[in-house]
$ cat target.json   # JSON, C-alpha atoms
[["chain", "number", "residue", "atom", "x", "y", "z"],
["A", 1, "MET", "CA", 8.72, 39.55, -34.99],
["A", 2, "ASN", "CA", 11.83, 41.67, -34.34],
["A", 3, "PHE", "CA", 12.15, 40.24, -30.83],
["A", 4, "LEU", "CA", 11.82, 36.69, -32.16],
["A", 5, "ARG", "CA", 14.51, 37.36, -34.74],
["A", 6, "PHE", "CA", 16.77, 38.65, -31.97],
["A", 7, "LEU", "CA", 16.18, 35.44, -29.98],
["A", 8, "GLU", "CA", 16.82, 33.39, -33.11],
["A", 9, "GLY", "CA", 20.20, 35.06, -33.37],
["A", 10, "ILE", "CA", 21.32, 34.04, -29.87],
["A", 11, "ARG", "CA", 20.21, 30.40, -30.04],
["A", 12, "SER", "CA", 22.64, 27.62, -29.16],
["A", 13, "PRO", "CA", 22.25, 23.84, -28.72],
["A", 14, "LEU", "CA", 22.55, 24.26, -24.93],
["A", 15, "LEU", "CA", 19.87, 26.97, -24.75],
["A", 16, "ASN", "CA", 17.65, 25.07, -27.16],
["A", 17, "GLY", "CA", 17.73, 22.02, -24.90],
["A", 18, "PHE", "CA", 17.18, 24.10, -21.76],
["A", 19, "PHE", "CA", 14.14, 25.97, -23.06],
["A", 20, "GLN", "CA", 12.71, 22.83, -24.67],
["A", 21, "PHE", "CA", 12.81, 21.32, -21.16],
["A", 22, "ILE", "CA", 11.27, 24.45, -19.59],
["A", 23, "THR", "CA", 8.39, 24.51, -22.07],
["A", 24, "TYR", "CA", 7.27, 21.04, -20.90],
["A", 25, "PHE", "CA", 6.02, 22.67, -17.69],
["A", 26, "GLY", "CA", 3.22, 24.20, -19.75],
["A", 27, "GLN", "CA", 2.09, 20.93, -21.30],
["A", 28, "GLU", "CA", -1.29, 19.44, -20.56],
["A", 29, "LEU", "CA", 0.06, 16.06, -19.43],
["A", 30, "LEU", "CA", 2.24, 17.44, -16.65],
["A", 31, "ILE", "CA", -0.40, 19.90, -15.42],
["A", 32, "ILE", "CA", -3.15, 17.28, -15.28],
["A", 33, "ALA", "CA", -0.84, 14.83, -13.48],
["A", 34, "PHE", "CA", 0.01, 17.49, -10.88],
["A", 35, "ILE", "CA", -3.64, 18.45, -10.30],
["A", 36, "CYS", "CA", -4.62, 14.76, -10.03],
["A", 37, "THR", "CA", -1.96, 14.11, -7.39],
["A", 38, "LEU", "CA", -3.03, 17.16, -5.41],
["A", 39, "TYR", "CA", -6.73, 16.31, -5.75],
["A", 40, "TRP", "CA", -6.51, 12.64, -4.84],
["A", 41, "CYS", "CA", -3.93, 12.79, -2.07],
["A", 42, "VAL", "CA", -3.00, 16.21, -0.73],
["A", 43, "ASN", "CA", -5.42, 19.15, -0.85],
["A", 44, "LYS", "CA", -8.72, 18.72, -2.66],
["A", 45, "ARG", "CA", -9.82, 22.30, -2.08],
["A", 46, "PHE", "CA", -6.71, 23.84, -3.61],
["A", 47, "ALA", "CA", -6.86, 21.34, -6.48],
["A", 48, "TYR", "CA", -10.32, 22.72, -7.26],
["A", 49, "ILE", "CA", -8.89, 26.25, -7.36],
["A", 50, "LEU", "CA", -6.27, 25.06, -9.85],
["A", 51, "GLY", "CA", -8.94, 23.21, -11.83],
["A", 52, "PHE", "CA", -11.28, 26.19, -12.05],
["A", 53, "THR", "CA", -8.39, 28.40, -13.13],
["A", 54, "TYR", "CA", -7.03, 25.96, -15.69],
["A", 55, "PHE", "CA", -10.33, 25.06, -17.34],
["A", 56, "THR", "CA", -11.90, 28.54, -17.39],
["A", 57, "ALA", "CA", -8.73, 30.22, -18.68],
["A", 58, "GLY", "CA", -8.41, 27.39, -21.21],
["A", 59, "LEU", "CA", -11.93, 27.99, -22.53],
["A", 60, "CYS", "CA", -11.17, 31.69, -22.89],
["A", 61, "VAL", "CA", -7.89, 31.07, -24.72],
["A", 62, "GLN", "CA", -9.45, 28.53, -27.09],
["A", 63, "THR", "CA", -12.26, 30.96, -27.91],
["A", 64, "LEU", "CA", -9.75, 33.70, -28.73],
["A", 65, "LYS", "CA", -7.74, 31.27, -30.88],
["A", 66, "ILE", "CA", -10.65, 30.44, -33.17],
["A", 67, "THR", "CA", -11.88, 34.05, -33.17],
["A", 68, "PHE", "CA", -8.66, 35.78, -34.27],
["A", 69, "ARG", "CA", -7.13, 32.78, -36.12],
["A", 70, "ILE", "CA", -3.57, 34.15, -36.12],
["A", 71, "PRO", "CA", -1.01, 31.79, -37.75],
["A", 72, "ARG", "CA", 2.28, 30.73, -36.19],
["A", 73, "PRO", "CA", 5.32, 33.03, -36.54],
["A", 74, "TRP", "CA", 7.02, 30.95, -39.25],
["A", 75, "ILE", "CA", 3.83, 31.15, -41.32],
["A", 76, "LEU", "CA", 3.57, 34.90, -40.83],
["A", 77, "ASP", "CA", 7.21, 35.24, -41.91],
["A", 78, "PRO", "CA", 8.56, 32.36, -44.06],
["A", 79, "ASN", "CA", 12.12, 33.65, -43.49],
["A", 80, "PHE", "CA", 11.82, 33.01, -39.75],
["A", 81, "HIS", "CA", 12.76, 29.54, -38.44],
["A", 82, "PRO", "CA", 11.57, 28.08, -35.10],
["A", 83, "VAL", "CA", 13.50, 25.46, -33.15],
["A", 84, "LYS", "CA", 12.54, 22.24, -34.95],
["A", 85, "SER", "CA", 12.02, 20.18, -31.81],
["A", 86, "ALA", "CA", 9.29, 22.59, -30.65],
["A", 87, "VAL", "CA", 7.21, 22.51, -33.84],
["A", 88, "PRO", "CA", 5.39, 19.13, -33.36],
["A", 89, "ALA", "CA", 3.80, 20.35, -30.10],
["A", 90, "ALA", "CA", 2.89, 23.74, -31.60],
["A", 91, "THR", "CA", -0.57, 22.82, -32.86],
["A", 92, "GLY", "CA", -3.47, 25.18, -33.41],
["A", 93, "TYR", "CA", -3.44, 28.91, -33.89],
["A", 94, "SER", "CA", -0.72, 31.07, -32.39],
["A", 95, "PHE", "CA", -2.74, 33.64, -30.41],
["A", 96, "PRO", "CA", -2.95, 33.28, -27.42],
["A", 97, "SER", "CA", -0.35, 30.79, -26.18],
["A", 98, "GLY", "CA", -1.82, 27.57, -24.78],
["A", 99, "HIS", "CA", 1.41, 26.49, -23.05],
["A", 100, "THR", "CA", 1.67, 29.87, -21.32],
["A", 101, "GLN", "CA", -1.96, 29.62, -20.24],
["A", 102, "GLY", "CA", -1.35, 26.16, -18.78],
["A", 103, "ALA", "CA", 1.80, 27.13, -16.89],
["A", 104, "THR", "CA", 0.33, 30.38, -15.56],
["A", 105, "SER", "CA", -2.90, 28.64, -14.52],
["A", 106, "LEU", "CA", -0.79, 26.20, -12.51],
["A", 107, "PHE", "CA", 1.94, 28.38, -11.01],
["A", 108, "ALA", "CA", 0.05, 31.65, -10.41],
["A", 109, "PRO", "CA", -2.43, 30.09, -7.94],
["A", 110, "LEU", "CA", 0.51, 28.34, -6.27],
["A", 111, "ALA", "CA", 2.25, 31.71, -5.92],
["A", 112, "LEU", "CA", -0.91, 33.23, -4.42],
["A", 113, "HIS", "CA", -1.46, 30.25, -2.11],
["A", 114, "THR", "CA", 1.96, 29.79, -0.58],
["A", 115, "LYS", "CA", 2.98, 31.84, 2.45],
["A", 116, "LYS", "CA", 6.70, 31.45, 1.73],
["A", 117, "ARG", "CA", 8.14, 34.27, -0.33],
["A", 118, "ILE", "CA", 10.84, 32.12, -1.88],
["A", 119, "MET", "CA", 8.22, 29.62, -3.09],
["A", 120, "SER", "CA", 6.07, 32.41, -4.45],
["A", 121, "PHE", "CA", 9.07, 33.87, -6.27],
["A", 122, "CYS", "CA", 9.95, 30.46, -7.75],
["A", 123, "CYS", "CA", 6.38, 29.96, -8.98],
["A", 124, "ILE", "CA", 6.34, 33.39, -10.65],
["A", 125, "CYS", "CA", 9.69, 32.63, -12.29],
["A", 126, "ALA", "CA", 8.31, 29.29, -13.50],
["A", 127, "PHE", "CA", 5.43, 30.69, -15.56],
["A", 128, "LEU", "CA", 7.53, 33.62, -16.78],
["A", 129, "LEU", "CA", 10.19, 31.16, -17.98],
["A", 130, "VAL", "CA", 7.59, 29.01, -19.75],
["A", 131, "GLY", "CA", 6.25, 32.10, -21.50],
["A", 132, "PHE", "CA", 9.75, 33.16, -22.51],
["A", 133, "SER", "CA", 10.56, 29.63, -23.71],
["A", 134, "ARG", "CA", 7.66, 29.82, -26.18],
["A", 135, "MET", "CA", 9.20, 32.94, -27.71],
["A", 136, "TYR", "CA", 12.75, 31.61, -27.62],
["A", 137, "LEU", "CA", 11.66, 28.43, -29.41],
["A", 138, "GLY", "CA", 9.99, 30.62, -32.02],
["A", 139, "VAL", "CA", 6.47, 29.19, -31.72],
["A", 140, "HIS", "CA", 4.80, 32.29, -30.24],
["A", 141, "THR", "CA", 5.11, 36.06, -30.45],
["A", 142, "PRO", "CA", 5.31, 38.33, -27.36],
["A", 143, "LYS", "CA", 1.65, 39.30, -27.92],
["A", 144, "ASP", "CA", 0.62, 35.63, -27.83],
["A", 145, "VAL", "CA", 2.44, 35.09, -24.56],
["A", 146, "LEU", "CA", 1.52, 38.32, -22.76],
["A", 147, "VAL", "CA", -2.21, 38.13, -23.55],
["A", 148, "SER", "CA", -2.36, 34.49, -22.46],
["A", 149, "MET", "CA", -0.46, 35.29, -19.28],
["A", 150, "GLY", "CA", -2.74, 38.24, -18.53],
["A", 151, "ILE", "CA", -5.91, 36.15, -19.01],
["A", 152, "SER", "CA", -4.61, 33.35, -16.80],
["A", 153, "LEU", "CA", -3.45, 35.75, -14.07],
["A", 154, "LEU", "CA", -6.87, 37.40, -14.07],
["A", 155, "PHE", "CA", -8.66, 34.07, -13.69],
["A", 156, "ALA", "CA", -6.16, 32.93, -11.05],
["A", 157, "TRP", "CA", -6.79, 36.06, -8.96],
["A", 158, "LEU", "CA", -10.58, 35.99, -9.39],
["A", 159, "ILE", "CA", -10.93, 32.31, -8.54],
["A", 160, "THR", "CA", -8.55, 32.53, -5.58],
["A", 161, "HIS", "CA", -10.30, 35.69, -4.31],
["A", 162, "PHE", "CA", -13.79, 34.16, -4.66],
["A", 163, "SER", "CA", -12.82, 30.62, -3.68],
["A", 164, "SER", "CA", -15.13, 30.71, -0.65],
["A", 165, "VAL", "CA", -18.10, 31.35, -2.95],
["A", 166, "LEU", "CA", -17.05, 28.58, -5.34],
["A", 167, "LEU", "CA", -16.26, 25.97, -2.71],
["A", 168, "ASP", "CA", -18.05, 26.85, 0.54],
["A", 169, "LYS", "CA", -21.39, 28.39, -0.42],
["A", 170, "LYS", "CA", -23.64, 25.40, -1.09],
["A", 171, "ASP", "CA", -26.48, 27.65, -2.29],
["A", 172, "TYR", "CA", -24.38, 28.81, -5.26],
["A", 173, "GLN", "CA", -23.16, 25.40, -6.45],
["A", 174, "LYS", "CA", -26.05, 24.71, -8.83],
["A", 175, "TYR", "CA", -25.73, 28.16, -10.42],
["A", 176, "ILE", "CA", -21.95, 27.83, -10.84],
["A", 177, "PHE", "CA", -22.43, 24.39, -12.40],
["A", 178, "LEU", "CA", -25.07, 25.67, -14.82],
["A", 179, "CYS", "CA", -23.01, 28.76, -15.68],
["A", 180, "LEU", "CA", -19.79, 26.86, -16.46],
["A", 181, "THR", "CA", -21.66, 24.17, -18.42],
["A", 182, "SER", "CA", -23.62, 26.77, -20.40],
["A", 183, "ILE", "CA", -20.47, 28.73, -21.29],
["A", 184, "ALA", "CA", -18.72, 25.57, -22.52],
["A", 185, "ILE", "CA", -21.77, 24.55, -24.59],
["A", 186, "LEU", "CA", -22.06, 28.03, -26.13],
["A", 187, "ILE", "CA", -18.36, 28.03, -27.04],
["A", 188, "SER", "CA", -18.72, 24.60, -28.66],
["A", 189, "ILE", "CA", -21.70, 25.87, -30.71],
["A", 190, "TYR", "CA", -19.64, 28.91, -31.71],
["A", 191, "ALA", "CA", -16.78, 26.63, -32.87],
["A", 192, "LEU", "CA", -19.21, 24.49, -34.88],
["A", 193, "LEU", "CA", -20.70, 27.57, -36.55],
["A", 194, "LEU", "CA", -17.21, 28.75, -37.55],
["A", 195, "LEU", "CA", -16.50, 25.27, -38.90],
["A", 196, "GLN", "CA", -19.73, 25.18, -40.87],
["A", 197, "SER", "CA", -19.04, 28.60, -42.38],
["A", 198, "GLY", "CA", -15.57, 27.46, -43.48],
["A", 199, "LYS", "CA", -13.69, 29.97, -41.29],
["A", 200, "ILE", "CA", -11.84, 27.26, -39.37],
["A", 201, "SER", "CA", -10.88, 23.69, -40.23],
["A", 202, "GLN", "CA", -12.03, 20.58, -38.37],
["A", 203, "LYS", "CA", -8.66, 20.35, -36.63],
["A", 204, "TYR", "CA", -9.06, 23.75, -34.94],
["A", 205, "ALA", "CA", -12.72, 23.16, -34.14],
["A", 206, "SER", "CA", -11.76, 19.83, -32.55],
["A", 207, "ASP", "CA", -9.16, 21.52, -30.32],
["A", 208, "CYS", "CA", -11.79, 23.96, -29.10],
["A", 209, "LEU", "CA", -14.39, 21.24, -28.54],
["A", 210, "LYS", "CA", -11.80, 19.29, -26.55],
["A", 211, "ALA", "CA", -11.49, 22.21, -24.13],
["A", 212, "CYS", "CA", -15.29, 22.47, -23.99],
["A", 213, "GLY", "CA", -15.63, 18.74, -23.21],
["A", 214, "ALA", "CA", -13.07, 19.08, -20.42],
["A", 215, "GLY", "CA", -14.88, 22.16, -19.09],
["A", 216, "ILE", "CA", -18.25, 20.40, -19.04],
["A", 217, "GLY", "CA", -16.63, 17.34, -17.45],
["A", 218, "PHE", "CA", -15.10, 19.55, -14.77],
["A", 219, "ALA", "CA", -18.45, 21.26, -14.07],
["A", 220, "PHE", "CA", -20.28, 17.92, -13.76],
["A", 221, "GLY", "CA", -17.48, 16.29, -11.77],
["A", 222, "TRP", "CA", -17.12, 19.18, -9.34],
["A", 223, "TYR", "CA", -20.87, 19.40, -8.74],
["A", 224, "ILE", "CA", -21.36, 15.64, -8.27],
["A", 225, "GLU", "CA", -18.34, 15.29, -5.98],
["A", 226, "GLN", "CA", -19.26, 18.29, -3.84],
["A", 227, "THR", "CA", -22.95, 17.37, -3.62],
["A", 228, "TYR", "CA", -22.93, 13.57, -3.32],
["A", 229, "LEU", "CA", -19.44, 12.13, -2.84],
["A", 230, "ALA", "CA", -17.27, 14.50, -0.75],
["A", 231, "PHE", "CA", -14.38, 12.02, -0.52],
["A", 232, "ASP", "CA", -11.51, 12.37, 1.93],
["A", 233, "VAL", "CA", -7.96, 12.56, 0.55],
["A", 234, "LYS", "CA", -6.42, 11.12, 3.72],
["A", 235, "THR", "CA", -5.32, 7.53, 4.13],
["A", 236, "LYS", "CA", -3.70, 5.68, 7.03],
["A", 237, "HIS", "CA", -0.42, 4.94, 5.26],
["A", 238, "ILE", "CA", 1.80, 7.03, 3.00],
["A", 239, "TYR", "CA", 2.43, 4.10, 0.65],
["A", 240, "THR", "CA", -1.29, 3.92, -0.14],
["A", 241, "GLN", "CA", -1.10, 7.54, -1.34],
["A", 242, "PHE", "CA", 1.72, 6.67, -3.73],
["A", 243, "LEU", "CA", -0.23, 3.63, -4.89],
["A", 244, "LYS", "CA", -3.34, 5.76, -5.34],
["A", 245, "VAL", "CA", -1.50, 8.18, -7.64],
["A", 246, "ILE", "CA", 0.33, 5.50, -9.65],
["A", 247, "VAL", "CA", -2.81, 3.42, -10.20],
["A", 248, "GLY", "CA", -4.99, 6.46, -10.89],
["A", 249, "LEU", "CA", -2.67, 8.04, -13.45],
["A", 250, "SER", "CA", -1.98, 4.69, -15.12],
["A", 251, "ILE", "CA", -5.69, 3.98, -15.54],
["A", 252, "THR", "CA", -6.29, 7.57, -16.70],
["A", 253, "PHE", "CA", -3.75, 7.23, -19.52],
["A", 254, "LEU", "CA", -5.08, 3.75, -20.35],
["A", 255, "ILE", "CA", -8.63, 5.10, -20.59],
["A", 256, "LYS", "CA", -7.39, 7.87, -22.88],
["A", 257, "LEU", "CA", -5.78, 5.33, -25.20],
["A", 258, "VAL", "CA", -8.83, 3.07, -25.19],
["A", 259, "LEU", "CA", -11.25, 5.95, -25.79],
["A", 260, "SER", "CA", -9.14, 7.27, -28.66],
["A", 261, "TYR", "CA", -9.18, 3.83, -30.25],
["A", 262, "PHE", "CA", -12.93, 3.23, -29.90],
["A", 263, "ILE", "CA", -14.49, 6.66, -30.49],
["A", 264, "GLY", "CA", -12.15, 7.68, -33.32],
["A", 265, "ASN", "CA", -11.19, 11.16, -34.47],
["A", 266, "ASN", "CA", -14.45, 12.74, -35.59],
["A", 267, "ILE", "CA", -15.38, 16.29, -34.62],
["A", 268, "PHE", "CA", -17.04, 15.26, -31.33],
["A", 269, "ALA", "CA", -14.61, 12.47, -30.39],
["A", 270, "LYS", "CA", -12.17, 14.61, -28.40],
["A", 271, "MET", "CA", -15.02, 16.43, -26.69],
["A", 272, "VAL", "CA", -16.51, 13.15, -25.45],
["A", 273, "GLU", "CA", -13.07, 11.76, -24.61],
["A", 274, "TYR", "CA", -12.11, 14.68, -22.37],
["A", 275, "PHE", "CA", -15.54, 14.83, -20.76],
["A", 276, "ILE", "CA", -15.20, 11.18, -19.70],
["A", 277, "LEU", "CA", -11.57, 11.59, -18.62],
["A", 278, "VAL", "CA", -12.27, 14.58, -16.35],
["A", 279, "LEU", "CA", -15.35, 12.85, -14.90],
["A", 280, "TRP", "CA", -13.17, 9.79, -14.18],
["A", 281, "ILE", "CA", -10.57, 11.95, -12.42],
["A", 282, "LEU", "CA", -13.04, 13.95, -10.31],
["A", 283, "VAL", "CA", -15.72, 11.41, -9.44],
["A", 284, "ILE", "CA", -15.36, 7.82, -10.64],
["A", 285, "TYR", "CA", -11.83, 7.11, -9.40],
["A", 286, "PRO", "CA", -12.31, 8.90, -6.02],
["A", 287, "TYR", "CA", -15.51, 6.87, -5.52],
["A", 288, "CYS", "CA", -13.62, 3.65, -6.28],
["A", 289, "PHE", "CA", -10.79, 4.25, -3.81],
["A", 290, "SER", "CA", -13.27, 5.53, -1.18],
["A", 291, "GLN", "CA", -15.09, 2.22, -1.42],
["A", 292, "ILE", "CA", -11.84, 0.26, -1.29],
["A", 293, "GLN", "CA", -10.80, 2.18, 1.84],
["A", 294, "LYS", "CA", -14.09, 1.29, 3.51],
["A", 295, "TYR", "CA", -13.92, -2.41, 2.70],
["A", 296, "PRO", "CA", -11.37, -3.62, 5.29],
["A", 297, "LEU", "CA", -13.01, -1.50, 7.98],
["A", 298, "GLN", "CA", -16.42, -2.98, 7.25],
["A", 299, "LYS", "CA", -14.93, -6.45, 7.22],
["A", 300, "SER", "CA", -13.37, -5.95, 10.65],
["A", 301, "GLY", "CA", -16.67, -4.67, 12.07],
["A", 302, "ASN", "CA", -15.69, -1.03, 12.42],
["A", 303, "SER", "CA", -18.32, 1.57, 11.66],
["A", 304, "ILE", "CA", -17.88, 3.99, 8.78],
["A", 305, "GLU", "CA", -18.58, 7.64, 9.43]]

$ encode --input "target.json" --output "structure tokens"
Amino acid sequence: MNFLRFLEGIRSPLLNGFFQFITYFGQELLIIAFICTLYWCVNKRFAYILGFTYFTAGLCVQTLKITFRIPRPWILDPNFHPVKSAVPAATGYSFPSGHTQGATSLFAPLALHTKKRIMSFCCICAFLLVGFSRMYLGVHTPKDVLVSMGISLLFAWLITHFSSVLLDKKDYQKYIFLCLTSIAILISIYALLLLQSGKISQKYASDCLKACGAGIGFAFGWYIEQTYLAFDVKTKHIYTQFLKVIVGLSITFLIKLVLSYFIGNNIFAKMVEYFILVLWILVIYPYCFSQIQKYPLQKSGNSIE
């Protein structure tokens, strides 16, 4: 808390605005939008590396959150005051930091992937800045940030190092699918047991089940796409790539709104919602635009490979 109090003492409106902007790079919305763009249009293989890193590290962080159940800094010390604009997005338990996990899961694989040193340096600076922004804004302690960063870096290295096993070895796909699905199901059961025993509230259990639903959706989507669909990201024209992203993201956010309206806010609602959303991103939408791409070729009499 001493470090947070020091940062509280050097705050200014300019720095508050700057670090509030920086912290957005760890938010779910931006990360998912980036992965979607990469997956649909640019590099499906690398998007899978990002996806594996993001979802597995996220499951780990959510499990630690409900296990240790550490409150936010201003709850630990009522005399400490966070930056007000950062509080609405600071949901759930404090340890480990979800924003730091998201940013590190995105930028660490990018740093490992790029061959340009300046790009690698910029990516490292990006997740370090997001982690620091969480402390500057007063919503996380150094322990929250460093543990989350360490977990995400470990998963980023492991998944990048073993990417050939995850993405090229067809014999292992079923086992990877079953393993990731089983882990997510076990974590969801663990969250429900904590809820039933009164150790966590429905709000915190719901956050964990959301990550589990996304993890299961990713496992199913990855397995189905790799086994049956295997779509190609390439198109003949650059404008169709822009259209693909705009339409895909628009429908994704529309589906999220519609699902939230129809399935409500019960304990399993977010789990089902994120399962469907990830399945839409990985399989349903790629299948739709693959069929649309084939249509004019079939109509003109060209064969489809």

$ residues_near_point --input "target.json" --point "(-1.5, 15.7, -9.9)" --cutoff "12 Å" --atoms "all atoms listed in the file" --output "MDAnalysis selection string"
chainID A and resid 28:44 46:48 50:51 106 241:242 244:246 248:249 252 281:282

$ residues_near_point --input "target.json" --point "(10.4, 30.1, -30.6)" --cutoff "12 Å" --atoms "all atoms listed in the file" --output "VMD selection string"
chain A and resid 1 3 to 11 15 to 16 19 to 20 23 72 to 74 80 to 87 89 to 90 94 97 130 to 142 144 to 145

$ residues_around --input "target.json" --residues "Leu112 of chain A" --least-positions-apart "2" --cutoff "12 Å" --atoms "all atoms listed in the file" --output "PDB file with C-alpha atoms, in the coordinates of the input"
ATOM      1  CA  PHE A  46      -6.710  23.840  -3.610  1.00  0.00           C
ATOM      2  CA  ILE A  49      -8.890  26.250  -7.360  1.00  0.00           C
ATOM      3  CA  LEU A  50      -6.270  25.060  -9.850  1.00  0.00           C
ATOM      4  CA  THR A 104       0.330  30.380 -15.560  1.00  0.00           C
ATOM      5  CA  SER A 105      -2.900  28.640 -14.520  1.00  0.00           C
ATOM      6  CA  LEU A 106      -0.790  26.200 -12.510  1.00  0.00           C
ATOM      7  CA  PHE A 107       1.940  28.380 -11.010  1.00  0.00           C
ATOM      8  CA  ALA A 108       0.050  31.650 -10.410  1.00  0.00           C
ATOM      9  CA  PRO A 109      -2.430  30.090  -7.940  1.00  0.00           C
ATOM     10  CA  LEU A 110       0.510  28.340  -6.270  1.00  0.00           C
ATOM     11  CA  THR A 114       1.960  29.790  -0.580  1.00  0.00           C
ATOM     12  CA  LYS A 115       2.980  31.840   2.450  1.00  0.00           C
ATOM     13  CA  LYS A 116       6.700  31.450   1.730  1.00  0.00           C
ATOM     14  CA  ARG A 117       8.140  34.270  -0.330  1.00  0.00           C
ATOM     15  CA  MET A 119       8.220  29.620  -3.090  1.00  0.00           C
ATOM     16  CA  SER A 120       6.070  32.410  -4.450  1.00  0.00           C
ATOM     17  CA  PHE A 121       9.070  33.870  -6.270  1.00  0.00           C
ATOM     18  CA  CYS A 122       9.950  30.460  -7.750  1.00  0.00           C
ATOM     19  CA  CYS A 123       6.380  29.960  -8.980  1.00  0.00           C
ATOM     20  CA  ILE A 124       6.340  33.390 -10.650  1.00  0.00           C
ATOM     21  CA  LEU A 153      -3.450  35.750 -14.070  1.00  0.00           C
ATOM     22  CA  ALA A 156      -6.160  32.930 -11.050  1.00  0.00           C
ATOM     23  CA  TRP A 157      -6.790  36.060  -8.960  1.00  0.00           C
ATOM     24  CA  LEU A 158     -10.580  35.990  -9.390  1.00  0.00           C
ATOM     25  CA  ILE A 159     -10.930  32.310  -8.540  1.00  0.00           C
ATOM     26  CA  THR A 160      -8.550  32.530  -5.580  1.00  0.00           C
ATOM     27  CA  HIS A 161     -10.300  35.690  -4.310  1.00  0.00           C
TER      28      HIS A 161
END

$ axis_aligned_box --input "target.json" --around "segment 221-229 of chain A" --padding-each-side "6 Å" --output "lines of an AutoDock Vina configuration file"
center_x = -20.0
center_y = 15.8
center_z = -7.3
size_x = 17.8
size_y = 19.3
size_z = 20.9

$ atom_distance --input "target.json" --atom1 "atom CA of Gly102 of chain A" --atom2 "atom CA of Glu273 of chain A"
19.5 Å

$ residues_around --input "target.json" --residues "Gly217 of chain A" --least-positions-apart "3" --cutoff "8 Å" --atoms "only C-alpha atoms" --output "PyMOL selection string"
chain A and resi 213-214+220-221+274-279

$ write_last_selection --input "target.json" --atoms "C-alpha atoms" --output "PDB file, in the coordinates of the input"
ATOM      1  CA  GLY A 213     -15.630  18.740 -23.210  1.00  0.00           C
ATOM      2  CA  ALA A 214     -13.070  19.080 -20.420  1.00  0.00           C
ATOM      3  CA  PHE A 220     -20.280  17.920 -13.760  1.00  0.00           C
ATOM      4  CA  GLY A 221     -17.480  16.290 -11.770  1.00  0.00           C
ATOM      5  CA  TYR A 274     -12.110  14.680 -22.370  1.00  0.00           C
ATOM      6  CA  PHE A 275     -15.540  14.830 -20.760  1.00  0.00           C
ATOM      7  CA  ILE A 276     -15.200  11.180 -19.700  1.00  0.00           C
ATOM      8  CA  LEU A 277     -11.570  11.590 -18.620  1.00  0.00           C
ATOM      9  CA  VAL A 278     -12.270  14.580 -16.350  1.00  0.00           C
ATOM     10  CA  LEU A 279     -15.350  12.850 -14.900  1.00  0.00           C
TER      11      LEU A 279
END

$ atom_distance --input "target.json" --atom1 "atom CA of Pro71 of chain A" --atom2 "atom CA of Tyr93 of chain A"
5.4 Å

$ closest_residue --input "target.json" --among "A:Ala211, A:Ala111, A:Leu64, A:Ile284" --to "Leu229 of chain A" --atoms "only C-alpha atoms"
A:Ile284

$ atom_distance --input "target.json" --atom1 "atom CA of Gln291 of chain A" --atom2 "atom CA of Asp171 of chain A"
27.9 Å

$ closest_residue --input "target.json" --among "A:Asp207, A:Ser197, A:Gln173, A:Phe18" --to "Val61 of chain A" --atoms "all atoms listed in the file"
A:Asp207

$ closest_residue --input "target.json" --among "A:Gln196, A:Ser188, A:Ser250, A:Thr67" --to "Lys270 of chain A" --atoms "only C-alpha atoms"
A:Ser188
